[in-house]
Amino acid sequence: MTTEATHPSTSASPTARQVWTRTRGIALALVLLVAGAIAIAVIRSDARHGELDPRSVDPKGSRAVAELLADRGVDTRVVTTLDEAAAASGPDTTLLVAAPDLLTRSQQSRLHNSFADTGGRTVLVASGSASVERLAPGVTADPATSLDSTLAPDCDLPAAQRAGTADTGGVRYTTTHLDADQCYPSERLATLLRIPDTTGNGDTVALGAPDILLNDRLDQQGNASLALQLLGSRPHLVWYLPSLSDPSATSTDDESGFFDLLPSGWLWGTLQLFIAAALAALWRARRLGPLVHEKLPVAIRASETAEGRARLYRKADARDRAANALRSTTRTRLAPLTGVPVTQAHTPEALLPALSAHLHGDGQDLHALLFGPPPSDDAALIALADRLDALEREVRRP
């Protein structure tokens with residue numbers, strides 16, 4: 001029993017192979033997550049370079065539509081601050097807001113007030129629920145986007161009828177304005193809205209997707225025709241590209257909190273992760289019912305105690321303590337068998353002569369065996385335990 005308790009096979013210390021087996025799944029998942037994040041960042045950085053910028057010739061840029069407008073006598077001016085956009089308001093100006101959702105609440109309200117009742121046109125590109133209700137009061141963005149990209153006009157707006165089918169599928173809108181033109185419907189919800197001003201000749205256009213303005217989509221369907229008619233109704237086009245460097249973006253009047261600045265997809269993703277974690281915890285739970293009451297003290301088998309102590313000795317690399325415990329126990333059991341009082345069992349002068357008289361041979365170095373130095377390695381410790389067991393059996397032999 002002593003030999004088994006100190007055998008290396010009973011050690012609780014995990015080996016390097018066991019640690020790798022337990023953690024390789026988590027390590028692989030982390031590597032895939034990091035690689036995926038890097039790949040997405042690279043792809044998105046390439047795809048979004050110059051997106052909706054009338055100066056960019058990239059596939060997602062809008063240089064082509066700006067050149068076609070210039071051929072028709074419409075000058076395009078790019079602005080990146082709210083002050084520049086607000087100063088350009090007028091009846092002969094079309095304002096295109098490339099990313100309305102990037103504007104803060106105070107910016108959205110100020111921009112709407114600057115262009116309201118000026119007689120100009122405001123075009124909101126893919127304005128979602130975070131911006132459309134302030135930039136176009138009375139208009140609501142549906143949470144579900146259009147499944148189809150190419151849609152038919154199905155309305156009385158002359159520009160839409162002349163253009164025909166176009167790639168407007170994206171954000172879908174509903175409105176309380178009875179005189180609004182609701183075009184390019186997807187499941188009865190419009191992806192292009194034109195809301196005329198209550199006074200003057202101005203209007204606001206909510207465009208569900210930017211596809212008709214992109215270089216690589218302009219020559220498809222009726223995209224070019226629709227883009228030129230929406231942006232070329234006035235001689236001046238102000239192309240507003242919201243920028244984080246805009247001083248108005250840091251206005252203290254804005255009441256947006258941290259969660260308001262996060263895209264809705266992140267919030268839904270976080271909620272799904274919490275639900276998945278809760279389900280995983282339930283699945284892996286060890287106690288799904290009430291605790292079982294057990295009377296104390298609990299009886300523990302001697303073999304379990306010996307094995308547990310052996311594991312602790314091996315984990316601490318305490319061969320000296322283990323050897324001392326084995327020798328001390330053996331001396332305590334041998335002393336009564338040789339007629340030596342237990343109080344003198346650990347005295348070499350008293351135990352060794354009496355022990356030699358009971359042995360059938362003199363081949364053992366009793367002093368080194370019972371009082372010698374600690375073993376140098378685990379193999380020597382196991383050999384010591386075997387020799388002590390053999391010595392006790394020999395003394396007990398009649």
# chains A, B, ... in the order shown; residues from 1 in each chain; ligands from 1

$ residues_around --residues "Arg172 in chain A" --least-positions-apart "4" --cutoff "7 Å" --atoms "only C-alpha atoms" --output "PDB file with all heavy atoms, in the first residue's frame"
ATOM      1  N   ALA A 141     -37.919  54.147 -40.061  1.00  0.00           N
ATOM      2  CA  ALA A 141     -37.179  53.073 -40.739  1.00  0.00           C
ATOM      3  C   ALA A 141     -37.577  51.733 -40.139  1.00  0.00           C
ATOM      4  O   ALA A 141     -37.599  51.563 -38.917  1.00  0.00           O
ATOM      5  CB  ALA A 141     -35.671  53.285 -40.598  1.00  0.00           C
ATOM      6  N   ASP A 142     -37.920  50.791 -41.016  1.00  0.00           N
ATOM      7  CA  ASP A 142     -38.294  49.451 -40.554  1.00  0.00           C
ATOM      8  C   ASP A 142     -37.032  48.695 -40.116  1.00  0.00           C
ATOM      9  O   ASP A 142     -35.982  48.803 -40.762  1.00  0.00           O
ATOM     10  CB  ASP A 142     -38.999  48.690 -41.677  1.00  0.00           C
ATOM     11  CG  ASP A 142     -39.644  47.406 -41.169  1.00  0.00           C
ATOM     12  OD1 ASP A 142     -40.732  47.498 -40.578  1.00  0.00           O
ATOM     13  OD2 ASP A 142     -39.041  46.332 -41.345  1.00  0.00           O
ATOM     14  N   THR A 145     -34.471  44.985 -43.298  1.00  0.00           N
ATOM     15  CA  THR A 145     -34.138  45.570 -44.590  1.00  0.00           C
ATOM     16  C   THR A 145     -34.711  44.728 -45.720  1.00  0.00           C
ATOM     17  O   THR A 145     -35.170  43.600 -45.520  1.00  0.00           O
ATOM     18  CB  THR A 145     -32.611  45.678 -44.750  1.00  0.00           C
ATOM     19  OG1 THR A 145     -32.040  44.367 -44.610  1.00  0.00           O
ATOM     20  CG2 THR A 145     -32.027  46.595 -43.690  1.00  0.00           C
ATOM     21  N   SER A 146     -34.658  45.276 -46.917  1.00  0.00           N
ATOM     22  CA  SER A 146     -35.194  44.599 -48.091  1.00  0.00           C
ATOM     23  C   SER A 146     -34.341  43.388 -48.440  1.00  0.00           C
ATOM     24  O   SER A 146     -33.114  43.437 -48.393  1.00  0.00           O
ATOM     25  CB  SER A 146     -35.240  45.567 -49.271  1.00  0.00           C
ATOM     26  OG  SER A 146     -35.586  44.896 -50.456  1.00  0.00           O
ATOM     27  N   LEU A 189     -43.406  48.053 -48.330  1.00  0.00           N
ATOM     28  CA  LEU A 189     -42.725  49.168 -47.667  1.00  0.00           C
ATOM     29  C   LEU A 189     -41.755  49.806 -48.662  1.00  0.00           C
ATOM     30  O   LEU A 189     -40.974  49.109 -49.324  1.00  0.00           O
ATOM     31  CB  LEU A 189     -41.975  48.702 -46.424  1.00  0.00           C
ATOM     32  CG  LEU A 189     -42.831  48.153 -45.280  1.00  0.00           C
ATOM     33  CD1 LEU A 189     -41.942  47.780 -44.097  1.00  0.00           C
ATOM     34  CD2 LEU A 189     -43.882  49.156 -44.852  1.00  0.00           C
ATOM     35  N   ALA A 190     -41.777  51.127 -48.748  1.00  0.00           N
ATOM     36  CA  ALA A 190     -40.990  51.841 -49.746  1.00  0.00           C
ATOM     37  C   ALA A 190     -39.508  51.855 -49.382  1.00  0.00           C
ATOM     38  O   ALA A 190     -39.138  51.984 -48.210  1.00  0.00           O
ATOM     39  CB  ALA A 190     -41.500  53.269 -49.879  1.00  0.00           C
ATOM     40  N   THR A 191     -38.669  51.744 -50.415  1.00  0.00           N
ATOM     41  CA  THR A 191     -37.229  51.927 -50.226  1.00  0.00           C
ATOM     42  C   THR A 191     -36.774  53.284 -50.757  1.00  0.00           C
ATOM     43  O   THR A 191     -35.582  53.603 -50.661  1.00  0.00           O
ATOM     44  CB  THR A 191     -36.440  50.811 -50.929  1.00  0.00           C
ATOM     45  OG1 THR A 191     -36.767  50.808 -52.328  1.00  0.00           O
ATOM     46  CG2 THR A 191     -36.789  49.453 -50.334  1.00  0.00           C
ATOM     47  N   GLY A 208     -33.091  54.181 -49.692  1.00  0.00           N
ATOM     48  CA  GLY A 208     -32.805  53.036 -48.823  1.00  0.00           C
ATOM     49  C   GLY A 208     -31.437  52.426 -48.974  1.00  0.00           C
ATOM     50  O   GLY A 208     -30.959  51.750 -48.057  1.00  0.00           O
TER      51      GLY A 208
END

$ residues_around --residues "range 89-104 of chain A" --least-positions-apart "2" --cutoff "9 Å" --atoms "only C-alpha atoms" --output "PyMOL selection string"
chain A and resi 52-53+85-87+106-109+114-115+117-132+135+200-202+210+230-244+248-251+254-256+261

$ closest_residue --among "A:Arg217, A:Lys315, A:Arg393, A:Arg162" --to "Val65 in chain A" --atoms "only C-alpha atoms"
A:Arg217

$ closest_residue --among "A:Leu384, A:Ala116, A:Ile212, A:Ala354" --to "Thr199 in chain A" --atoms "only C-alpha atoms"
A:Ala116

$ residues_around --residues "Pro158 in chain A" --least-positions-apart "6" --cutoff "12 Å" --atoms "only C-alpha atoms" --output "PyMOL selection string"
chain A and resi 164+181+183+194+225-226+229-230

$ residues_around --residues "range 385-388 of chain A" --least-positions-apart "3" --cutoff "9 Å" --atoms "only C-alpha atoms" --output "list in words"
Thr2, Thr3, Ala323, Leu326, Arg327, Thr330, Leu369, Leu370, Ala380, Leu381, Ile382, Leu391, Glu392 and Arg393 of chain A
